[in-house]
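K.L.:
Next comes my_file_39.csv, CSV, C-alpha atoms and all ligand atoms:
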chain,number,residue,atom,x,y,z
A,1,MET,CA,102.8,87.7,129.6
A,2,ALA,CA,101.2,90.9,128.2
A,3,ARG,CA,101.7,91.1,124.4
A,4,ILE,CA,101.9,94.7,123.1
A,5,LEU,CA,101.6,95.3,119.4
A,6,ILE,CA,103.6,98.2,118.2
A,7,LEU,CA,102.9,99.4,114.6
A,8,GLY,CA,106.3,100.7,113.7
A,9,GLY,CA,108.5,101.7,110.8
A,10,THR,CA,109.9,104.6,112.8
A,11,GLU,CA,112.8,105.3,115.3
A,12,ASP,CA,110.1,105.8,117.9
A,13,GLY,CA,108.6,102.4,117.4
A,14,LEU,CA,112.0,100.7,117.7
A,15,HIS,CA,112.8,102.8,120.8
A,16,LEU,CA,109.5,101.7,122.4
A,17,HIS,CA,110.2,98.1,121.6
A,18,VAL,CA,113.6,98.4,123.4
A,19,LEU,CA,112.0,100.0,126.4
A,20,LEU,CA,109.2,97.4,126.7
A,21,GLU,CA,111.7,94.5,126.2
A,22,ARG,CA,113.3,95.6,129.5
A,23,GLU,CA,110.1,95.3,131.5
A,24,THR,CA,109.2,92.0,133.1
A,25,GLY,CA,105.9,90.4,132.1
A,26,VAL,CA,105.8,92.4,128.8
A,27,GLU,CA,106.3,90.9,125.3
A,28,PRO,CA,106.5,93.7,122.6
A,29,LEU,CA,105.7,92.7,119.1
A,30,LEU,CA,106.9,95.2,116.4
A,31,SER,CA,105.0,95.3,113.1
A,32,LEU,CA,106.6,96.6,109.9
A,33,ALA,CA,104.9,97.1,106.6
A,34,GLY,CA,107.9,95.7,104.7
A,35,ARG,CA,108.6,98.7,102.5
A,36,THR,CA,112.4,98.9,103.2
A,37,LYS,CA,114.3,96.0,101.6
A,38,ALA,CA,116.7,95.5,104.5
A,39,PRO,CA,115.7,97.4,107.7
A,40,ALA,CA,118.7,98.6,109.7
A,41,HIS,CA,117.3,97.1,113.0
A,42,LEU,CA,115.0,94.1,113.1
A,43,PRO,CA,114.5,93.1,116.7
A,44,THR,CA,113.4,89.7,117.8
A,45,GLY,CA,109.6,89.8,117.9
A,46,THR,CA,109.2,91.6,114.6
A,47,ARG,CA,106.4,90.7,112.1
A,48,ILE,CA,106.4,92.0,108.6
A,49,GLY,CA,103.5,92.8,106.2
A,50,GLY,CA,100.0,94.3,106.1
A,51,PHE,CA,97.1,92.9,108.1
A,52,GLY,CA,94.5,93.2,105.3
A,53,GLY,CA,92.8,96.4,106.5
A,54,ALA,CA,91.2,97.4,109.8
A,55,GLY,CA,89.3,94.1,109.9
A,56,GLY,CA,92.4,92.1,109.5
A,57,LEU,CA,94.2,94.0,112.2
A,58,ALA,CA,91.2,93.6,114.5
A,59,GLU,CA,91.4,89.8,113.9
A,60,PHE,CA,95.1,89.8,114.5
A,61,LEU,CA,94.7,91.5,117.9
A,62,ALA,CA,92.2,88.9,119.0
A,63,HIS,CA,94.0,85.9,117.5
A,64,GLU,CA,97.4,86.8,118.8
A,65,ARG,CA,96.0,87.6,122.3
A,66,ILE,CA,97.3,91.2,122.2
A,67,THR,CA,96.9,93.2,125.4
A,68,ALA,CA,97.3,96.7,124.0
A,69,LEU,CA,98.0,98.4,120.6
A,70,VAL,CA,100.4,101.3,120.0
A,71,ASP,CA,100.4,103.1,116.7
A,72,ALA,CA,104.0,104.4,116.4
A,73,THR,CA,103.9,104.7,112.6
A,74,HIS,CA,105.2,107.7,110.7
A,75,PRO,CA,103.1,110.9,111.0
A,76,PHE,CA,102.4,110.7,107.2
A,77,ALA,CA,101.3,107.0,107.3
A,78,LYS,CA,97.6,107.9,107.2
A,79,THR,CA,96.0,104.6,106.2
A,80,ILE,CA,97.6,102.3,108.8
A,81,SER,CA,96.8,104.9,111.5
A,82,ALA,CA,93.2,105.1,110.5
A,83,ASN,CA,93.0,101.3,110.4
A,84,ALA,CA,94.5,101.1,113.9
A,85,ALA,CA,92.0,103.5,115.3
A,86,ILE,CA,89.1,101.6,113.7
A,87,ALA,CA,90.4,98.2,114.8
A,88,ALA,CA,90.8,99.5,118.4
A,89,GLU,CA,87.3,100.9,118.3
A,90,MET,CA,85.9,97.5,116.9
A,91,THR,CA,87.7,95.4,119.5
A,92,GLY,CA,87.8,97.7,122.5
A,93,PHE,CA,91.5,97.1,122.9
A,94,PRO,CA,93.5,99.8,124.8
A,95,PHE,CA,95.0,102.0,122.1
A,96,LEU,CA,97.6,104.7,122.1
A,97,THR,CA,99.2,106.8,119.4
A,98,LEU,CA,102.9,107.6,119.7
A,99,LEU,CA,103.4,110.7,117.5
A,100,ARG,CA,106.5,112.8,117.7
A,101,LEU,CA,106.0,116.6,117.7
A,102,PRO,CA,106.2,118.5,114.5
A,103,TRP,CA,109.1,120.8,113.8
A,104,GLU,CA,108.5,124.5,114.4
A,105,PRO,CA,110.2,127.3,112.3
A,106,GLU,CA,113.0,129.3,114.0
A,107,THR,CA,114.7,132.6,113.2
A,108,GLY,CA,116.5,132.2,109.9
A,109,ASP,CA,114.1,129.6,108.5
A,110,ARG,CA,112.6,130.3,105.1
A,111,TRP,CA,109.6,127.9,105.2
A,112,ARG,CA,106.6,127.9,103.0
A,113,HIS,CA,103.8,125.7,104.5
A,114,ILE,CA,101.8,123.8,102.0
A,115,GLU,CA,99.4,120.8,102.0
A,116,ASP,CA,100.9,118.1,99.8
A,117,GLU,CA,103.5,117.1,97.1
A,118,ALA,CA,101.2,118.3,94.3
A,119,GLU,CA,101.2,121.9,95.7
A,120,ALA,CA,105.0,121.6,96.2
A,121,ALA,CA,105.5,120.6,92.6
A,122,GLN,CA,103.5,123.6,91.4
A,123,LEU,CA,105.4,126.1,93.6
A,124,LEU,CA,108.9,125.2,92.4
A,125,GLN,CA,110.6,127.8,90.3
A,126,SER,CA,111.7,126.8,86.8
A,127,GLY,CA,115.4,126.1,86.7
A,128,ALA,CA,115.6,125.4,90.5
A,129,ARG,CA,117.8,122.6,91.9
A,130,VAL,CA,115.5,120.8,94.4
A,131,PHE,CA,116.4,118.3,97.1
A,132,LEU,CA,113.7,115.7,97.7
A,133,ALA,CA,113.8,113.1,100.6
A,134,LEU,CA,110.2,112.1,100.7
A,135,GLY,CA,110.3,108.4,99.9
A,136,ALA,CA,110.4,106.8,96.5
A,137,GLN,CA,106.6,106.3,96.5
A,138,ARG,CA,105.9,110.0,96.8
A,139,LEU,CA,107.6,111.5,93.8
A,140,GLY,CA,104.8,111.2,91.3
A,141,ALA,CA,103.7,114.8,91.6
A,142,PHE,CA,107.1,116.0,90.6
A,143,SER,CA,107.0,114.2,87.2
A,144,THR,CA,105.2,117.3,85.9
A,145,ARG,CA,108.3,119.5,86.3
A,146,PRO,CA,111.0,118.5,83.8
A,147,ASP,CA,112.1,122.2,83.9
A,148,VAL,CA,113.3,121.6,87.5
A,149,SER,CA,116.5,119.7,88.4
A,150,PHE,CA,116.0,117.2,91.2
A,151,VAL,CA,118.3,115.5,93.7
A,152,VAL,CA,116.4,112.6,95.2
A,153,ARG,CA,117.5,110.7,98.2
A,154,VAL,CA,116.0,107.2,98.8
A,155,VAL,CA,116.7,104.3,101.2
A,156,ASP,CA,116.8,101.5,98.7
A,157,THR,CA,118.4,101.4,95.2
A,158,PRO,CA,115.5,102.0,92.8
A,159,ASN,CA,114.7,99.3,90.3
A,160,ALA,CA,113.3,101.8,87.8
A,161,PRO,CA,113.8,105.6,87.2
A,162,LEU,CA,112.1,107.6,89.9
A,163,LEU,CA,111.2,110.4,87.6
A,164,PRO,CA,110.6,110.4,83.8
A,165,PHE,CA,113.5,112.8,83.1
A,166,ARG,CA,117.1,113.2,84.2
A,167,HIS,CA,117.6,113.4,88.0
A,168,GLU,CA,120.3,112.6,90.5
A,169,VAL,CA,119.6,109.7,92.9
A,170,ILE,CA,121.4,109.4,96.3
A,171,VAL,CA,120.9,106.0,98.1
A,172,ASP,CA,121.4,106.5,101.8
A,173,ARG,CA,119.6,106.0,105.1
A,174,GLY,CA,119.5,108.2,108.2
A,175,PRO,CA,120.0,109.4,110.8
A,176,PHE,CA,121.8,112.3,109.1
A,177,ASN,CA,123.8,115.1,110.7
A,178,ILE,CA,123.9,118.8,109.9
A,179,ASP,CA,127.5,118.7,108.6
A,180,GLY,CA,126.8,115.9,106.1
A,181,GLU,CA,123.5,117.5,105.0
A,182,ARG,CA,125.1,120.9,104.6
A,183,ASN,CA,127.9,119.4,102.5
A,184,LEU,CA,125.3,117.5,100.4
A,185,LEU,CA,123.1,120.6,99.7
A,186,SER,CA,126.0,122.9,98.9
A,187,SER,CA,128.0,120.3,96.8
A,188,ARG,CA,124.9,119.6,94.7
A,189,GLY,CA,124.1,123.3,94.3
A,190,VAL,CA,120.6,122.8,95.8
A,191,THR,CA,118.4,126.0,95.8
A,192,ALA,CA,115.3,124.6,97.5
A,193,VAL,CA,114.3,121.7,99.7
A,194,VAL,CA,110.9,120.0,99.8
A,195,ALA,CA,110.3,118.3,103.1
A,196,ARG,CA,107.4,116.8,105.1
A,197,ASN,CA,107.0,118.0,108.6
A,198,SER,CA,107.9,114.6,110.1
A,199,GLY,CA,109.4,115.8,113.3
A,200,GLY,CA,112.2,113.9,115.0
A,201,ILE,CA,116.0,114.4,115.1
A,202,GLY,CA,117.6,112.4,112.2
A,203,ALA,CA,115.5,113.9,109.5
A,204,PHE,CA,115.8,117.4,110.9
A,205,ALA,CA,119.5,117.8,109.9
A,206,LYS,CA,118.5,118.7,106.3
A,207,ILE,CA,116.3,121.5,107.7
A,208,GLU,CA,119.1,122.8,109.9
A,209,ALA,CA,121.4,122.7,106.9
A,210,ALA,CA,119.0,124.6,104.7
A,211,ARG,CA,118.7,127.2,107.5
A,212,ALA,CA,122.5,127.5,107.7
A,213,LEU,CA,122.8,127.9,103.9
A,214,ASN,CA,119.8,130.2,103.6
A,215,ILE,CA,117.9,127.8,101.3
A,216,PRO,CA,114.1,127.9,101.3
A,217,VAL,CA,112.1,124.9,102.4
A,218,VAL,CA,108.8,124.0,101.0
A,219,MET,CA,107.3,122.3,104.1
A,220,ILE,CA,104.4,119.9,103.7
A,221,ARG,CA,102.0,120.0,106.6
A,222,ARG,CA,101.0,116.9,108.5
A,223,PRO,CA,97.7,115.1,107.9
A,224,PRO,CA,95.1,115.8,110.7
A,225,ALA,CA,96.1,114.6,114.1
A,226,ALA,CA,95.1,111.1,115.4
A,227,VAL,CA,92.1,110.6,117.6
A,228,GLY,CA,92.3,109.2,121.1
A,229,ILE,CA,95.3,109.3,123.5
A,230,VAL,CA,98.4,110.7,121.9
A,231,VAL,CA,101.9,110.9,123.5
A,232,PRO,CA,105.1,112.4,121.9
A,233,SER,CA,107.8,110.1,123.2
A,234,ALA,CA,108.6,106.4,123.5
A,235,ALA,CA,109.2,106.9,127.3
A,236,MET,CA,105.7,108.2,127.7
A,237,ALA,CA,104.3,105.4,125.6
A,238,ARG,CA,106.1,102.9,127.8
A,239,ASP,CA,104.6,104.5,130.9
A,240,TRP,CA,101.1,104.3,129.3
A,241,VAL,CA,101.6,100.6,128.5
A,242,MET,CA,102.7,99.9,132.1
A,243,LYS,CA,99.7,101.7,133.4
A,244,GLN,CA,97.4,99.5,131.4
A,245,LEU,CA,99.0,96.5,132.9
A,246,GLY,CA,99.0,97.8,136.5
A,301,LIG,P1,100.1,103.7,104.9
A,301,LIG,O1,99.9,104.2,103.6
A,301,LIG,O2,99.5,104.3,106.1
A,301,LIG,O3,99.7,102.1,105.0
A,301,LIG,C1,99.4,101.4,103.8
A,301,LIG,C2,99.3,99.9,104.2
A,301,LIG,O4,100.5,99.4,104.6
A,301,LIG,C3,98.4,99.7,105.4
A,301,LIG,O5,97.0,99.8,105.1
A,301,LIG,C4,98.9,98.4,105.9
A,301,LIG,O6,98.4,97.3,105.1
A,301,LIG,C5,100.4,98.5,105.7
A,301,LIG,N1,101.1,99.0,106.8
A,301,LIG,C6,101.6,100.2,107.0
A,301,LIG,N2,102.3,100.3,108.1
A,301,LIG,C7,102.3,99.0,108.7
A,301,LIG,C8,102.9,98.4,109.8
A,301,LIG,N3,103.7,99.2,110.6
A,301,LIG,N4,102.7,97.1,110.0
A,301,LIG,C9,102.0,96.4,109.2
A,301,LIG,N5,101.4,96.9,108.1
A,301,LIG,C10,101.5,98.2,107.8
A,301,LIG,O7,101.7,103.5,105.2
A,301,LIG,P2,102.9,104.2,104.4
A,301,LIG,O8,102.9,105.6,104.4
A,301,LIG,O9,103.1,103.4,103.1
A,301,LIG,O10,104.1,103.7,105.3
A,301,LIG,C11,104.4,102.3,105.5
A,301,LIG,C12,105.3,102.2,106.7
A,301,LIG,O11,106.5,102.9,106.5
A,301,LIG,C13,104.6,102.6,108.0
A,301,LIG,O12,104.8,101.6,108.9
A,301,LIG,C14,105.4,103.8,108.4
A,301,LIG,O13,105.6,103.9,109.8
A,301,LIG,C15,106.7,103.7,107.7
A,301,LIG,N6,107.2,105.0,107.2
A,301,LIG,C16,106.4,105.8,106.5
A,301,LIG,C17,106.9,107.0,106.1
A,301,LIG,C18,106.0,107.9,105.3
A,301,LIG,O14,106.5,108.9,104.9
A,301,LIG,N7,104.7,107.6,105.1
A,301,LIG,C19,108.2,107.4,106.4
A,301,LIG,C20,109.0,106.6,107.2
A,301,LIG,C21,108.5,105.3,107.6
A,301,LIG,P3,97.1,96.5,105.5
A,301,LIG,O15,95.9,97.4,105.2
A,301,LIG,O16,97.1,95.3,104.6
A,301,LIG,O17,97.1,96.2,106.9
Please express the file's structure as structure tokens.

P.N.:
Amino acid sequence: MARILILGGTEDGLHLHVLLERETGVEPLLSLAGRTKAPAHLPTGTRIGGFGGAGGLAEFLAHERITALVDATHPFAKTISANAAIAAEMTGFPFLTLLRLPWEPETGDRWRHIEDEAEAAQLLQSGARVFLALGAQRLGAFSTRPDVSFVVRVVDTPNAPLLPFRHEVIVDRGPFNIDGERNLLSSRGVTAVVARNSGGIGAFAKIEAARALNIPVVMIRRPPAAVGIVVPSAAMARDWVMKQLG
């Protein structure tokens, strides 16, 4: 049985797990960091928690008799992706990155491309009403802007205030659709959206809704692309895995 370790936390990682489960002679093992309190889907063959850096991951690969490693983590999850590349290099295990394509602006989009949350926070106009769906851990930079009114969407109910001044919190998890996102942005009087260029369908609905409502989007660029073999879809990742086994 060929054991394939999928570093997940994304729809793509889950999808690849489903595809590999259907193959004979393949046992996919999905790895999650454990950030979400109750993940929506937890397939059999899921492990949760960090490995203890690149060295720990390399040990895990050897100890668990893994055949190949697929990094299907979120495009902005830089540390685990760097660790995966180092662990693959250290051990010589076959290694693939599954990275969905970034979104591209279309006619009607009002995007401003920037590098990170700190730059986004600086750019916001005083008095703006800003929608943030960046993850609870990535809001620190916005705490410098009490003159801006924030609507923050997170997956889990926060245990403590997300910002040191008044803000609206929406607890919800994707995938989202354009009608729902349009309704959310207009009902909350949102005047700007800050988003990371994650790619994918579910998270794109807010961008489409902003386009439809003529709302500007402050779009955070992706970190530098991964090294090695990169494919944009779970189906292509499955094909790569099967090729390794053939
Ligand atoms: P990160 O900063 O790149 O990773 C921090 C540490 O978390 C890693 O060093 C590793 O710990 C552990 N880790 C991360 N992903 C893991 C995985 N799939 N399996 C086991 N351990 C993992 O990651 P992050 O940005 O906090 O994201 C955490 C997870 O959430 C990722 O799996 C990612 O796919 C998912 N996610 C992230 C975002 C985002 O915006 N960044 C959005 C949606 C989902 P050790 O060093 O101890 O191994």

K.L.:
List as number ranges by chain the residues having at least one atom at most 12 Å from position (109.6, 96.3, 106.5) as given in the file, counting only C-alpha atoms.

P.N.:
A: 7-10, 30-43, 46-50, 73, 155-156

K.L.:
Can I get the selected residues back with C-alpha atoms, as a PDB file, in the frame of the given file?

P.N.:
ATOM      1  CA  LEU A   7     102.900  99.400 114.600  1.00  0.00           C
ATOM      2  CA  GLY A   8     106.300 100.700 113.700  1.00  0.00           C
ATOM      3  CA  GLY A   9     108.500 101.700 110.800  1.00  0.00           C
ATOM      4  CA  THR A  10     109.900 104.600 112.800  1.00  0.00           C
ATOM      5  CA  LEU A  30     106.900  95.200 116.400  1.00  0.00           C
ATOM      6  CA  SER A  31     105.000  95.300 113.100  1.00  0.00           C
ATOM      7  CA  LEU A  32     106.600  96.600 109.900  1.00  0.00           C
ATOM      8  CA  ALA A  33     104.900  97.100 106.600  1.00  0.00           C
ATOM      9  CA  GLY A  34     107.900  95.700 104.700  1.00  0.00           C
ATOM     10  CA  ARG A  35     108.600  98.700 102.500  1.00  0.00           C
ATOM     11  CA  THR A  36     112.400  98.900 103.200  1.00  0.00           C
ATOM     12  CA  LYS A  37     114.300  96.000 101.600  1.00  0.00           C
ATOM     13  CA  ALA A  38     116.700  95.500 104.500  1.00  0.00           C
ATOM     14  CA  PRO A  39     115.700  97.400 107.700  1.00  0.00           C
ATOM     15  CA  ALA A  40     118.700  98.600 109.700  1.00  0.00           C
ATOM     16  CA  HIS A  41     117.300  97.100 113.000  1.00  0.00           C
ATOM     17  CA  LEU A  42     115.000  94.100 113.100  1.00  0.00           C
ATOM     18  CA  PRO A  43     114.500  93.100 116.700  1.00  0.00           C
ATOM     19  CA  THR A  46     109.200  91.600 114.600  1.00  0.00           C
ATOM     20  CA  ARG A  47     106.400  90.700 112.100  1.00  0.00           C
ATOM     21  CA  ILE A  48     106.400  92.000 108.600  1.00  0.00           C
ATOM     22  CA  GLY A  49     103.500  92.800 106.200  1.00  0.00           C
ATOM     23  CA  GLY A  50     100.000  94.300 106.100  1.00  0.00           C
ATOM     24  CA  THR A  73     103.900 104.700 112.600  1.00  0.00           C
ATOM     25  CA  VAL A 155     116.700 104.300 101.200  1.00  0.00           C
ATOM     26  CA  ASP A 156     116.800 101.500  98.700  1.00  0.00           C
TER      27      ASP A 156
END

K.L.:
Return the single residue from A:Ala121, A:Ala88, A:Val154, A:Ile170 that is closest to A:Leu134, with distances computed using only C-alpha atoms.

P.N.:
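Counting only C-alpha atoms, the residue closest to A:Leu134 is A:Val154.
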
K.L.:
Around the point (111.8, 108.7, 98.4) in the file's coordinates, collect all residues with an atom within 12 Å, using all atoms listed in the file, and return them as a PyMOL selection string.

P.N.:
chain A and resi 35-36+117+131-140+142+150-158+161-163+169-173+194-196

K.L.:
Atoms to include: C-alpha atoms. Write the selected residues as a PDB file, in the frame of the given file.

P.N.:
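selection_14.pdb, freshly written:
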ATOM      1  CA  ARG A  35     108.600  98.700 102.500  1.00  0.00           C
ATOM      2  CA  THR A  36     112.400  98.900 103.200  1.00  0.00           C
ATOM      3  CA  GLU A 117     103.500 117.100  97.100  1.00  0.00           C
ATOM      4  CA  PHE A 131     116.400 118.300  97.100  1.00  0.00           C
ATOM      5  CA  LEU A 132     113.700 115.700  97.700  1.00  0.00           C
ATOM      6  CA  ALA A 133     113.800 113.100 100.600  1.00  0.00           C
ATOM      7  CA  LEU A 134     110.200 112.100 100.700  1.00  0.00           C
ATOM      8  CA  GLY A 135     110.300 108.400  99.900  1.00  0.00           C
ATOM      9  CA  ALA A 136     110.400 106.800  96.500  1.00  0.00           C
ATOM     10  CA  GLN A 137     106.600 106.300  96.500  1.00  0.00           C
ATOM     11  CA  ARG A 138     105.900 110.000  96.800  1.00  0.00           C
ATOM     12  CA  LEU A 139     107.600 111.500  93.800  1.00  0.00           C
ATOM     13  CA  GLY A 140     104.800 111.200  91.300  1.00  0.00           C
ATOM     14  CA  PHE A 142     107.100 116.000  90.600  1.00  0.00           C
ATOM     15  CA  PHE A 150     116.000 117.200  91.200  1.00  0.00           C
ATOM     16  CA  VAL A 151     118.300 115.500  93.700  1.00  0.00           C
ATOM     17  CA  VAL A 152     116.400 112.600  95.200  1.00  0.00           C
ATOM     18  CA  ARG A 153     117.500 110.700  98.200  1.00  0.00           C
ATOM     19  CA  VAL A 154     116.000 107.200  98.800  1.00  0.00           C
ATOM     20  CA  VAL A 155     116.700 104.300 101.200  1.00  0.00           C
ATOM     21  CA  ASP A 156     116.800 101.500  98.700  1.00  0.00           C
ATOM     22  CA  THR A 157     118.400 101.400  95.200  1.00  0.00           C
ATOM     23  CA  PRO A 158     115.500 102.000  92.800  1.00  0.00           C
ATOM     24  CA  PRO A 161     113.800 105.600  87.200  1.00  0.00           C
ATOM     25  CA  LEU A 162     112.100 107.600  89.900  1.00  0.00           C
ATOM     26  CA  LEU A 163     111.200 110.400  87.600  1.00  0.00           C
ATOM     27  CA  VAL A 169     119.600 109.700  92.900  1.00  0.00           C
ATOM     28  CA  ILE A 170     121.400 109.400  96.300  1.00  0.00           C
ATOM     29  CA  VAL A 171     120.900 106.000  98.100  1.00  0.00           C
ATOM     30  CA  ASP A 172     121.400 106.500 101.800  1.00  0.00           C
ATOM     31  CA  ARG A 173     119.600 106.000 105.100  1.00  0.00           C
ATOM     32  CA  VAL A 194     110.900 120.000  99.800  1.00  0.00           C
ATOM     33  CA  ALA A 195     110.300 118.300 103.100  1.00  0.00           C
ATOM     34  CA  ARG A 196     107.400 116.800 105.100  1.00  0.00           C
TER      35      ARG A 196
END

K.L.:
Between A:Gly228, A:Arg110, A:Asp116, A:Gly189, which residue has the minimum interatomic distance to A:Pro216, considering only C-alpha atoms?

P.N.:
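Of A:Gly228, A:Arg110, A:Asp116, A:Gly189, the one nearest A:Pro216 is A:Arg110, counting only C-alpha atoms.
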
K.L.:
Compare A:Arg238, A:Arg222, A:Arg188, A:Arg129 by their minimum atom-to-atom distance to ligand LIG 301 (chain A), counting only C-alpha atoms and all ligand atoms, and give me the closest one.

P.N.:
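Of A:Arg238, A:Arg222, A:Arg188, A:Arg129, the one nearest ligand LIG 301 (chain A), counting only C-alpha atoms and all ligand atoms, is A:Arg222.
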
K.L.:
Identify which of the residues A:His74, A:Arg3, A:Arg182, A:Arg22 lies closest to ligand LIG 301 (chain A), counting only C-alpha atoms and all ligand atoms when measuring atom-to-atom distances.

P.N.:
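Ranking A:His74, A:Arg3, A:Arg182, A:Arg22 by distance to ligand LIG 301 (chain A), first place goes to A:His74.
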
K.L.:
When you draw a straight line from atom CA of A:Leu29 to atom CA of A:Arg100, how long is it in Å?

P.N.:
20.2 Å

K.L.:
Rounded to one decimal place, report the atom CA of A:Gly246-atom CA of A:Thr24 distance in Å.

P.N.:
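Answer for the atom CA of A:Gly246 to atom CA of A:Thr24 separation: 12.2 Å.
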
K.L.:
With a distance cut-off of 10 Å and only C-alpha atoms, select the neighbouring residues of A:Leu19, excluding the residue or stretch itself and same-chain residues fewer than 2 positions from it, and output the selection as a PyMOL selection string.

P.N.:
chain A and resi 13-17+21-23+28+234-235+237-239

K.L.:
When you count all atoms listed in the file, which of these residues is closest to A:Glu89: A:Ile215, A:Ala58, A:Leu123, A:Ile229?

P.N.:
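The shortest atom-to-atom distance to A:Glu89 comes from A:Ala58.
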
K.L.:
Please report the interatomic distance between atom CA of A:Ala72 and atom CA of A:Thr44 in Å with one decimal.

P.N.:
17.5 Å

K.L.:
A:Ala77, A:Ile207, A:Ala128, A:Ile4: which is nearest ligand LIG 301 (chain A), counting all atoms listed in the file?

P.N.:
A:Ala77

K.L.:
If we count only C-alpha atoms, what is near A:Trp103 at a cut-off of 10 Å, once residues fewer than 5 positions away on the same chain are taken out, given as an mmCIF file with C-alpha atoms, in the frame of the given file?

P.N.:
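For reference, result_10.cif as written:
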data_model
loop_
_atom_site.group_PDB
_atom_site.id
_atom_site.type_symbol
_atom_site.label_atom_id
_atom_site.label_comp_id
_atom_site.auth_asym_id
_atom_site.auth_seq_id
_atom_site.Cartn_x
_atom_site.Cartn_y
_atom_site.Cartn_z
ATOM 1 C CA ARG A 196 107.400 116.800 105.100
ATOM 2 C CA ASN A 197 107.000 118.000 108.600
ATOM 3 C CA SER A 198 107.900 114.600 110.100
ATOM 4 C CA GLY A 199 109.400 115.800 113.300
ATOM 5 C CA GLY A 200 112.200 113.900 115.000
ATOM 6 C CA ILE A 201 116.000 114.400 115.100
ATOM 7 C CA PHE A 204 115.800 117.400 110.900
ATOM 8 C CA ILE A 207 116.300 121.500 107.700
ATOM 9 C CA MET A 219 107.300 122.300 104.100
#

K.L.:
With 5 Å of padding per side, what axis-aligned box (centre and edge lengths, Å, one decimal) covers all the listed atoms of stretch 153-164 of chain A? Give it as lines of an AutoDock Vina configuration file.

P.N.:
center_x = 114.5
center_y = 105.0
center_z = 92.5
size_x = 17.8
size_y = 21.4
size_z = 27.4

K.L.:
I want to know what sits within 9 Å of A:Gly180, based on all atoms listed in the file, with residues of the same chain fewer than 3 positions away left out; could you give that as a ChimeraX atom specification?

P.N.:
/A:176-177,183-185,205-206,209
